[in-house]
Amino acid sequence: MRQEIKEQLKGTSLARGMTDDDVEALLASSQVRLVHYKKGEIIFHEGDVPERLFLLVSGAVRILKDTYSGRQIFLGEIRKPGVMFGEVYLFIERHAYDMFTQALAATELLEISSHMLTQGAAEDDFGEADDPERAQRVRLQGLLQRNLLRDFARKAYQMNNMLKVLASGSLRGKIARYLMLQPQKADGKICLSESRESTAIYLAVSRPALSRELSAMQKEGILAVESRTIHILDREKLEEDL
């Protein structure tokens with residue numbers, strides 16, 4: 001099981017640039033633990049103080065928020081092993097989570113203490129060559145902090161794109177801009193990684209409304225839609241709504 005987690009961790013953005021020894025040292029650290037959650041169990045509650053980064057090993061996690069009226073707002077799901085969540089809260093001046101997470105099935109998470117991610121490397125002495133363990137801790141902290149910085153930059157870019165999509169006036173405009181931001185094959189086909197429900201949440205519309213508009217665009221010969229694959233048939237017509 002440990003080897004499986006090690007290989008999985010090596011494939012994540014968090015472990016970019018790490019050697020096998022680095023990954024082994026990270027997993028062996030007292031600041032890292034593998035935690036099992038039962039289906040329906042809360043991982044952290046709204047109002048809890050952020051203390052660790054979470055990385056999905058297996059299972060699935062749902063992100064939710066309670067409203068004053070007692071309703072729950074669905075914010076998203078995490079199903080792909082190796083995906084991180086909760087890390088942003090460790091670096092902003094927020095004393096508590098403003099949402100909560102729940103295990104959708106039996107779930108395993110690798111949890112890394114904020115102490116390992118935010119502690120300044122200056123607290124360790126690079127000059128002590130006779131203390132390889134300390135030097136490795138400094139190296140790990142440096143790699144983790146660098147990789148998190150890259151991840152924050154990527155998420156900031158994605159958020160900027162999301163704002164561009166949401167700023168589009170009409171639903172068709174949102175769909176057009178959203179599709180133009182997705183990776184396209186040479187033949188104009190786009191393979192969406194998210195479900196129709198998740199895409200609707202991203203566009204801030206209901207799923208039925210999204211489905212109706214996609215159907216209308218298909219009838220007009222702009223798109224061909226088949227499950228998560230969308231083929232842009234008339235790019236010029238699509239760009240008219242940008």
# chains A, B, ... in the order shown; residues from 1 in each chain; ligands from 1
$ residues_around --residues "Val32 (chain A)" --least-positions-apart "4" --cutoff "8 Å" --atoms "only C-alpha atoms" --output "VMD selection string"
chain A and resid 26 to 28 110 to 113
$ write_last_selection --atoms "all heavy atoms" --output "compact mmCIF listing (two decimals), in the first residue's frame"
# COMPACT_ATOMS: atom_id res chain seq x y z
N LEU A 26 9.19 12.25 2.87
CA LEU A 26 7.93 12.97 3.10
C LEU A 26 6.90 12.04 3.74
O LEU A 26 6.24 12.41 4.72
CB LEU A 26 7.40 13.52 1.78
CG LEU A 26 6.07 14.29 1.84
CD1 LEU A 26 6.19 15.50 2.74
CD2 LEU A 26 5.64 14.71 0.43
N LEU A 27 6.76 10.84 3.19
CA LEU A 27 5.77 9.89 3.73
C LEU A 27 6.16 9.41 5.12
O LEU A 27 5.29 9.05 5.92
CB LEU A 27 5.64 8.70 2.78
CG LEU A 27 4.99 8.98 1.42
CD1 LEU A 27 5.03 7.74 0.54
CD2 LEU A 27 3.55 9.45 1.60
N ALA A 28 7.44 9.42 5.42
CA ALA A 28 7.90 8.95 6.73
C ALA A 28 7.83 10.04 7.79
O ALA A 28 7.98 9.76 8.99
CB ALA A 28 9.34 8.43 6.62
N LEU A 110 -4.21 11.62 2.22
CA LEU A 110 -2.89 11.91 2.77
C LEU A 110 -2.98 13.33 3.30
O LEU A 110 -3.32 14.26 2.57
CB LEU A 110 -1.83 11.81 1.67
CG LEU A 110 -0.38 11.71 2.14
CD1 LEU A 110 -0.17 10.38 2.87
CD2 LEU A 110 0.57 11.82 0.95
N GLU A 111 -2.70 13.50 4.58
CA GLU A 111 -2.84 14.81 5.22
C GLU A 111 -1.47 15.30 5.69
O GLU A 111 -0.77 14.61 6.42
CB GLU A 111 -3.82 14.72 6.39
CG GLU A 111 -5.19 14.23 5.94
CD GLU A 111 -6.23 14.23 7.06
OE1 GLU A 111 -5.88 14.59 8.21
OE2 GLU A 111 -7.39 13.87 6.79
N ILE A 112 -1.11 16.51 5.23
CA ILE A 112 0.19 17.08 5.54
C ILE A 112 -0.01 18.31 6.43
O ILE A 112 -0.74 19.23 6.08
CB ILE A 112 0.94 17.48 4.26
CG1 ILE A 112 1.10 16.26 3.35
CG2 ILE A 112 2.30 18.09 4.59
CD1 ILE A 112 1.74 16.57 2.01
N SER A 113 0.64 18.32 7.57
CA SER A 113 0.50 19.40 8.54
C SER A 113 0.96 20.74 7.95
O SER A 113 1.94 20.81 7.21
CB SER A 113 1.32 19.09 9.79
OG SER A 113 1.42 20.21 10.63
$ closest_atom_pairs --of "region 192-220 of chain A" --to "region 79-103 of chain A" --cutoff "12 Å" --atoms "only C-alpha atoms" --output "tab-separated table"
residue	atom	partner	partner_atom	distance
A:Ser193	CA	A:Lys80	CA	10.5
A:Glu194	CA	A:Arg79	CA	10.5
A:Ser195	CA	A:Arg79	CA	11.5
$ write_last_selection --atoms "C-alpha atoms" --output "PDB file, in the first residue's frame"
ATOM      1  CA  SER A 193     -13.208  16.272 -17.864  1.00  0.00           C
ATOM      2  CA  GLU A 194     -16.186  17.416 -15.794  1.00  0.00           C
ATOM      3  CA  SER A 195     -19.726  16.042 -15.696  1.00  0.00           C
TER       4      SER A 195
END
$ select_by_dssp --residues "chain A" --states "helix (DSSP H, G or I)" --output "PyMOL selection string"
chain A and resi 2-10+13-15+20-28+88-90+114-118+121-123+132-166+171-180+196-203+207-219+235-239
$ closest_atom_pairs --of "region 193-212 of chain A" --to "region 151-170 of chain A" --cutoff "12 Å" --atoms "only C-alpha atoms" --output "JSON lines"
{"residue": "A:Thr199", "atom": "CA", "partner": "A:Met162", "partner_atom": "CA", "distance": 11.3}
{"residue": "A:Ala200", "atom": "CA", "partner": "A:Leu166", "partner_atom": "CA", "distance": 11.5}
{"residue": "A:Ile201", "atom": "CA", "partner": "A:Leu166", "partner_atom": "CA", "distance": 11.0}
{"residue": "A:Tyr202", "atom": "CA", "partner": "A:Met162", "partner_atom": "CA", "distance": 7.7}
{"residue": "A:Leu203", "atom": "CA", "partner": "A:Leu166", "partner_atom": "CA", "distance": 6.4}
{"residue": "A:Ala204", "atom": "CA", "partner": "A:Leu166", "partner_atom": "CA", "distance": 7.6}
{"residue": "A:Val205", "atom": "CA", "partner": "A:Leu166", "partner_atom": "CA", "distance": 10.1}
{"residue": "A:Ala209", "atom": "CA", "partner": "A:Ser170", "partner_atom": "CA", "distance": 11.8}
{"residue": "A:Leu210", "atom": "CA", "partner": "A:Ser170", "partner_atom": "CA", "distance": 11.5}
$ write_last_selection --atoms "all heavy atoms" --output "PDB file, in the first residue's frame"
ATOM      1  N   THR A 199     -20.185  21.095 -14.825  1.00  0.00           N
ATOM      2  CA  THR A 199     -20.065  22.191 -15.794  1.00  0.00           C
ATOM      3  C   THR A 199     -21.126  23.251 -15.544  1.00  0.00           C
ATOM      4  O   THR A 199     -20.855  24.457 -15.608  1.00  0.00           O
ATOM      5  CB  THR A 199     -20.181  21.659 -17.229  1.00  0.00           C
ATOM      6  OG1 THR A 199     -19.165  20.672 -17.457  1.00  0.00           O
ATOM      7  CG2 THR A 199     -20.017  22.779 -18.245  1.00  0.00           C
ATOM      8  N   ALA A 200     -22.342  22.813 -15.222  1.00  0.00           N
ATOM      9  CA  ALA A 200     -23.423  23.755 -14.926  1.00  0.00           C
ATOM     10  C   ALA A 200     -23.093  24.584 -13.693  1.00  0.00           C
ATOM     11  O   ALA A 200     -23.342  25.797 -13.659  1.00  0.00           O
ATOM     12  CB  ALA A 200     -24.733  22.994 -14.727  1.00  0.00           C
ATOM     13  N   ILE A 201     -22.509  23.953 -12.684  1.00  0.00           N
ATOM     14  CA  ILE A 201     -22.114  24.671 -11.474  1.00  0.00           C
ATOM     15  C   ILE A 201     -21.044  25.704 -11.810  1.00  0.00           C
ATOM     16  O   ILE A 201     -21.083  26.844 -11.345  1.00  0.00           O
ATOM     17  CB  ILE A 201     -21.609  23.688 -10.401  1.00  0.00           C
ATOM     18  CG1 ILE A 201     -22.774  22.831  -9.892  1.00  0.00           C
ATOM     19  CG2 ILE A 201     -20.960  24.426  -9.243  1.00  0.00           C
ATOM     20  CD1 ILE A 201     -22.334  21.692  -9.007  1.00  0.00           C
ATOM     21  N   TYR A 202     -20.091  25.322 -12.634  1.00  0.00           N
ATOM     22  CA  TYR A 202     -19.022  26.233 -13.058  1.00  0.00           C
ATOM     23  C   TYR A 202     -19.602  27.452 -13.771  1.00  0.00           C
ATOM     24  O   TYR A 202     -19.152  28.587 -13.564  1.00  0.00           O
ATOM     25  CB  TYR A 202     -18.063  25.483 -13.978  1.00  0.00           C
ATOM     26  CG  TYR A 202     -16.882  26.290 -14.452  1.00  0.00           C
ATOM     27  CD1 TYR A 202     -15.691  26.289 -13.741  1.00  0.00           C
ATOM     28  CD2 TYR A 202     -16.949  27.038 -15.628  1.00  0.00           C
ATOM     29  CE1 TYR A 202     -14.595  27.024 -14.173  1.00  0.00           C
ATOM     30  CE2 TYR A 202     -15.864  27.786 -16.075  1.00  0.00           C
ATOM     31  CZ  TYR A 202     -14.688  27.766 -15.344  1.00  0.00           C
ATOM     32  OH  TYR A 202     -13.613  28.498 -15.777  1.00  0.00           O
ATOM     33  N   LEU A 203     -20.619  27.232 -14.604  1.00  0.00           N
ATOM     34  CA  LEU A 203     -21.233  28.315 -15.367  1.00  0.00           C
ATOM     35  C   LEU A 203     -22.294  29.072 -14.573  1.00  0.00           C
ATOM     36  O   LEU A 203     -22.862  30.047 -15.077  1.00  0.00           O
ATOM     37  CB  LEU A 203     -21.862  27.755 -16.652  1.00  0.00           C
ATOM     38  CG  LEU A 203     -20.899  27.096 -17.646  1.00  0.00           C
ATOM     39  CD1 LEU A 203     -21.679  26.521 -18.813  1.00  0.00           C
ATOM     40  CD2 LEU A 203     -19.864  28.086 -18.134  1.00  0.00           C
ATOM     41  N   ALA A 204     -22.560  28.617 -13.342  1.00  0.00           N
ATOM     42  CA  ALA A 204     -23.565  29.248 -12.466  1.00  0.00           C
ATOM     43  C   ALA A 204     -24.951  29.223 -13.087  1.00  0.00           C
ATOM     44  O   ALA A 204     -25.695  30.203 -13.051  1.00  0.00           O
ATOM     45  CB  ALA A 204     -23.152  30.681 -12.135  1.00  0.00           C
ATOM     46  N   VAL A 205     -25.313  28.064 -13.683  1.00  0.00           N
ATOM     47  CA  VAL A 205     -26.650  27.876 -14.248  1.00  0.00           C
ATOM     48  C   VAL A 205     -27.160  26.509 -13.809  1.00  0.00           C
ATOM     49  O   VAL A 205     -26.411  25.687 -13.286  1.00  0.00           O
ATOM     50  CB  VAL A 205     -26.627  27.957 -15.791  1.00  0.00           C
ATOM     51  CG1 VAL A 205     -26.146  29.330 -16.251  1.00  0.00           C
ATOM     52  CG2 VAL A 205     -25.762  26.852 -16.388  1.00  0.00           C
ATOM     53  N   ALA A 209     -31.029  24.008 -17.796  1.00  0.00           N
ATOM     54  CA  ALA A 209     -30.821  25.169 -18.663  1.00  0.00           C
ATOM     55  C   ALA A 209     -29.606  24.952 -19.570  1.00  0.00           C
ATOM     56  O   ALA A 209     -29.640  25.287 -20.762  1.00  0.00           O
ATOM     57  CB  ALA A 209     -30.636  26.426 -17.821  1.00  0.00           C
ATOM     58  N   LEU A 210     -28.542  24.379 -19.025  1.00  0.00           N
ATOM     59  CA  LEU A 210     -27.351  24.102 -19.821  1.00  0.00           C
ATOM     60  C   LEU A 210     -27.659  23.083 -20.913  1.00  0.00           C
ATOM     61  O   LEU A 210     -27.258  23.254 -22.073  1.00  0.00           O
ATOM     62  CB  LEU A 210     -26.228  23.585 -18.912  1.00  0.00           C
ATOM     63  CG  LEU A 210     -24.950  23.105 -19.613  1.00  0.00           C
ATOM     64  CD1 LEU A 210     -24.316  24.237 -20.416  1.00  0.00           C
ATOM     65  CD2 LEU A 210     -23.960  22.559 -18.596  1.00  0.00           C
TER      66      LEU A 210
END
$ residues_around --residues "Leu117 (chain A)" --least-positions-apart "2" --cutoff "8 Å" --atoms "only C-alpha atoms" --output "list in words"
Ile112, Ser113, Ser114, His115, Gln119, Gln141, Leu144 and Gln145 of chain A
$ write_last_selection --atoms "N, CA, C and O atoms" --output "short mmCIF file (atom, residue, chain, number, x, y, z; two decimals), in the first residue's frame"
data_model
loop_
_atom_site.label_atom_id
_atom_site.label_comp_id
_atom_site.auth_asym_id
_atom_site.auth_seq_id
_atom_site.Cartn_x
_atom_site.Cartn_y
_atom_site.Cartn_z
N ILE A 112 -1.11 16.51 5.23
CA ILE A 112 0.19 17.08 5.54
C ILE A 112 -0.01 18.31 6.43
O ILE A 112 -0.74 19.23 6.08
N SER A 113 0.64 18.32 7.57
CA SER A 113 0.50 19.40 8.54
C SER A 113 0.96 20.74 7.95
O SER A 113 1.94 20.81 7.21
N SER A 114 0.25 21.79 8.32
CA SER A 114 0.61 23.13 7.87
C SER A 114 2.00 23.52 8.36
O SER A 114 2.69 24.34 7.75
N HIS A 115 2.44 22.94 9.47
CA HIS A 115 3.76 23.26 10.02
C HIS A 115 4.85 22.95 9.01
O HIS A 115 5.83 23.67 8.88
N GLN A 119 6.35 26.62 7.70
CA GLN A 119 7.50 26.96 8.55
C GLN A 119 8.64 27.50 7.69
O GLN A 119 8.98 26.93 6.66
N GLN A 141 10.89 21.12 2.56
CA GLN A 141 10.09 22.33 2.75
C GLN A 141 10.19 23.26 1.55
O GLN A 141 9.20 23.81 1.09
N LEU A 144 8.23 21.70 -1.37
CA LEU A 144 6.78 21.79 -1.14
C LEU A 144 6.28 23.21 -1.33
O LEU A 144 5.26 23.45 -1.98
N GLN A 145 7.00 24.16 -0.79
CA GLN A 145 6.58 25.56 -0.90
C GLN A 145 6.65 26.05 -2.35
O GLN A 145 5.76 26.76 -2.82
#
$ closest_residue --among "A:Leu9, A:Ala224, A:Leu34, A:Leu109" --to "Leu55 (chain A)" --atoms "only C-alpha atoms"
A:Leu109
$ atom_distance --atom1 "CA of Lys189 (chain A)" --atom2 "CA of Pro208 (chain A)"
22.8 Å
$ closest_residue --among "A:Leu14, A:Ala176, A:Leu53, A:Val225" --to "Asp241 (chain A)" --atoms "only C-alpha atoms"
A:Ala176
$ atom_distance --atom1 "CA of Leu143 (chain A)" --atom2 "CA of Lys6 (chain A)"
16.3 Å
$ atom_distance --atom1 "CA of Arg177 (chain A)" --atom2 "CA of Ile78 (chain A)"
24.1 Å
$ residues_around --residues "Leu233 (chain A)" --least-positions-apart "3" --cutoff "12 Å" --atoms "only C-alpha atoms" --output "number ranges by chain"
A: 187-190, 217-225, 230, 236-239
$ select_by_dssp --residues "region 76-188 of chain A" --states "strand (DSSP E)" --output "JSON, numbers by chain"
{"A": [76, 77, 78, 84, 85, 100, 101, 102, 103, 107, 108, 109, 110, 111, 112, 113]}
$ residues_around --residues "Gln184 (chain A)" --least-positions-apart "6" --cutoff "12 Å" --atoms "only C-alpha atoms" --output "PDB file with all heavy atoms, in the first residue's frame"
ATOM      1  N   TYR A 178     -16.483  29.352 -22.440  1.00  0.00           N
ATOM      2  CA  TYR A 178     -16.020  28.163 -21.715  1.00  0.00           C
ATOM      3  C   TYR A 178     -15.404  27.157 -22.685  1.00  0.00           C
ATOM      4  O   TYR A 178     -14.313  26.622 -22.435  1.00  0.00           O
ATOM      5  CB  TYR A 178     -17.188  27.528 -20.964  1.00  0.00           C
ATOM      6  CG  TYR A 178     -16.871  26.212 -20.303  1.00  0.00           C
ATOM      7  CD1 TYR A 178     -16.117  26.163 -19.135  1.00  0.00           C
ATOM      8  CD2 TYR A 178     -17.320  25.009 -20.851  1.00  0.00           C
ATOM      9  CE1 TYR A 178     -15.818  24.946 -18.522  1.00  0.00           C
ATOM     10  CE2 TYR A 178     -17.035  23.798 -20.255  1.00  0.00           C
ATOM     11  CZ  TYR A 178     -16.280  23.773 -19.088  1.00  0.00           C
ATOM     12  OH  TYR A 178     -15.983  22.573 -18.499  1.00  0.00           O
ATOM     13  N   ILE A 190     -13.655  18.566 -28.323  1.00  0.00           N
ATOM     14  CA  ILE A 190     -13.275  18.882 -26.955  1.00  0.00           C
ATOM     15  C   ILE A 190     -13.784  17.757 -26.053  1.00  0.00           C
ATOM     16  O   ILE A 190     -14.964  17.402 -26.106  1.00  0.00           O
ATOM     17  CB  ILE A 190     -13.893  20.213 -26.497  1.00  0.00           C
ATOM     18  CG1 ILE A 190     -13.394  21.364 -27.369  1.00  0.00           C
ATOM     19  CG2 ILE A 190     -13.589  20.486 -25.031  1.00  0.00           C
ATOM     20  CD1 ILE A 190     -14.143  22.656 -27.138  1.00  0.00           C
ATOM     21  N   CYS A 191     -12.888  17.197 -25.255  1.00  0.00           N
ATOM     22  CA  CYS A 191     -13.281  16.155 -24.303  1.00  0.00           C
ATOM     23  C   CYS A 191     -13.309  16.784 -22.912  1.00  0.00           C
ATOM     24  O   CYS A 191     -12.255  17.073 -22.331  1.00  0.00           O
ATOM     25  CB  CYS A 191     -12.313  14.983 -24.349  1.00  0.00           C
ATOM     26  SG  CYS A 191     -12.310  14.096 -25.919  1.00  0.00           S
ATOM     27  N   LEU A 192     -14.510  17.002 -22.391  1.00  0.00           N
ATOM     28  CA  LEU A 192     -14.659  17.642 -21.089  1.00  0.00           C
ATOM     29  C   LEU A 192     -14.328  16.660 -19.976  1.00  0.00           C
ATOM     30  O   LEU A 192     -14.757  15.509 -20.000  1.00  0.00           O
ATOM     31  CB  LEU A 192     -16.086  18.169 -20.919  1.00  0.00           C
ATOM     32  CG  LEU A 192     -16.551  19.211 -21.949  1.00  0.00           C
ATOM     33  CD1 LEU A 192     -17.993  19.613 -21.658  1.00  0.00           C
ATOM     34  CD2 LEU A 192     -15.655  20.439 -21.923  1.00  0.00           C
ATOM     35  N   THR A 229     -18.088  14.656 -24.908  1.00  0.00           N
ATOM     36  CA  THR A 229     -17.345  15.088 -26.094  1.00  0.00           C
ATOM     37  C   THR A 229     -18.169  16.098 -26.877  1.00  0.00           C
ATOM     38  O   THR A 229     -19.315  15.839 -27.238  1.00  0.00           O
ATOM     39  CB  THR A 229     -17.004  13.890 -27.001  1.00  0.00           C
ATOM     40  OG1 THR A 229     -16.197  12.969 -26.270  1.00  0.00           O
ATOM     41  CG2 THR A 229     -16.233  14.354 -28.232  1.00  0.00           C
ATOM     42  N   ILE A 230     -17.586  17.258 -27.140  1.00  0.00           N
ATOM     43  CA  ILE A 230     -18.258  18.312 -27.899  1.00  0.00           C
ATOM     44  C   ILE A 230     -17.408  18.645 -29.117  1.00  0.00           C
ATOM     45  O   ILE A 230     -16.224  18.941 -29.005  1.00  0.00           O
ATOM     46  CB  ILE A 230     -18.471  19.572 -27.040  1.00  0.00           C
ATOM     47  CG1 ILE A 230     -19.403  19.245 -25.860  1.00  0.00           C
ATOM     48  CG2 ILE A 230     -19.042  20.710 -27.877  1.00  0.00           C
ATOM     49  CD1 ILE A 230     -19.672  20.422 -24.945  1.00  0.00           C
ATOM     50  N   HIS A 231     -18.052  18.578 -30.279  1.00  0.00           N
ATOM     51  CA  HIS A 231     -17.365  18.872 -31.539  1.00  0.00           C
ATOM     52  C   HIS A 231     -17.850  20.232 -32.039  1.00  0.00           C
ATOM     53  O   HIS A 231     -19.041  20.423 -32.269  1.00  0.00           O
ATOM     54  CB  HIS A 231     -17.685  17.786 -32.569  1.00  0.00           C
ATOM     55  CG  HIS A 231     -16.878  17.903 -33.828  1.00  0.00           C
ATOM     56  ND1 HIS A 231     -17.056  17.069 -34.909  1.00  0.00           N
ATOM     57  CD2 HIS A 231     -15.882  18.770 -34.170  1.00  0.00           C
ATOM     58  CE1 HIS A 231     -16.222  17.416 -35.860  1.00  0.00           C
ATOM     59  NE2 HIS A 231     -15.500  18.440 -35.443  1.00  0.00           N
ATOM     60  N   ILE A 232     -16.915  21.170 -32.149  1.00  0.00           N
ATOM     61  CA  ILE A 232     -17.272  22.489 -32.670  1.00  0.00           C
ATOM     62  C   ILE A 232     -17.379  22.396 -34.194  1.00  0.00           C
ATOM     63  O   ILE A 232     -16.383  22.188 -34.891  1.00  0.00           O
ATOM     64  CB  ILE A 232     -16.220  23.546 -32.275  1.00  0.00           C
ATOM     65  CG1 ILE A 232     -16.144  23.662 -30.745  1.00  0.00           C
ATOM     66  CG2 ILE A 232     -16.567  24.900 -32.886  1.00  0.00           C
ATOM     67  CD1 ILE A 232     -15.081  24.629 -30.254  1.00  0.00           C
ATOM     68  N   ARG A 235     -17.134  27.209 -35.923  1.00  0.00           N
ATOM     69  CA  ARG A 235     -16.363  28.038 -34.989  1.00  0.00           C
ATOM     70  C   ARG A 235     -16.705  29.519 -35.145  1.00  0.00           C
ATOM     71  O   ARG A 235     -16.798  30.255 -34.169  1.00  0.00           O
ATOM     72  CB  ARG A 235     -14.869  27.818 -35.225  1.00  0.00           C
ATOM     73  CG  ARG A 235     -13.966  28.469 -34.183  1.00  0.00           C
ATOM     74  CD  ARG A 235     -12.509  28.252 -34.523  1.00  0.00           C
ATOM     75  NE  ARG A 235     -11.655  28.799 -33.488  1.00  0.00           N
ATOM     76  CZ  ARG A 235     -11.198  28.123 -32.457  1.00  0.00           C
ATOM     77  NH1 ARG A 235     -11.551  26.849 -32.305  1.00  0.00           N
ATOM     78  NH2 ARG A 235     -10.422  28.681 -31.550  1.00  0.00           N
TER      79      ARG A 235
END
$ closest_residue --among "A:Gly59, A:Pro132, A:Pro50, A:Gly70" --to "Ala25 (chain A)" --atoms "only C-alpha atoms"
A:Pro132
$ closest_residue --among "A:Leu104, A:Ser206, A:Ala216, A:Leu179" --to "Arg228 (chain A)" --atoms "only C-alpha atoms"
A:Leu179
$ closest_residue --among "A:Gly47, A:Lys10, A:Ile63, A:Ile42" --to "Asp22 (chain A)" --atoms "only C-alpha atoms"
A:Lys10
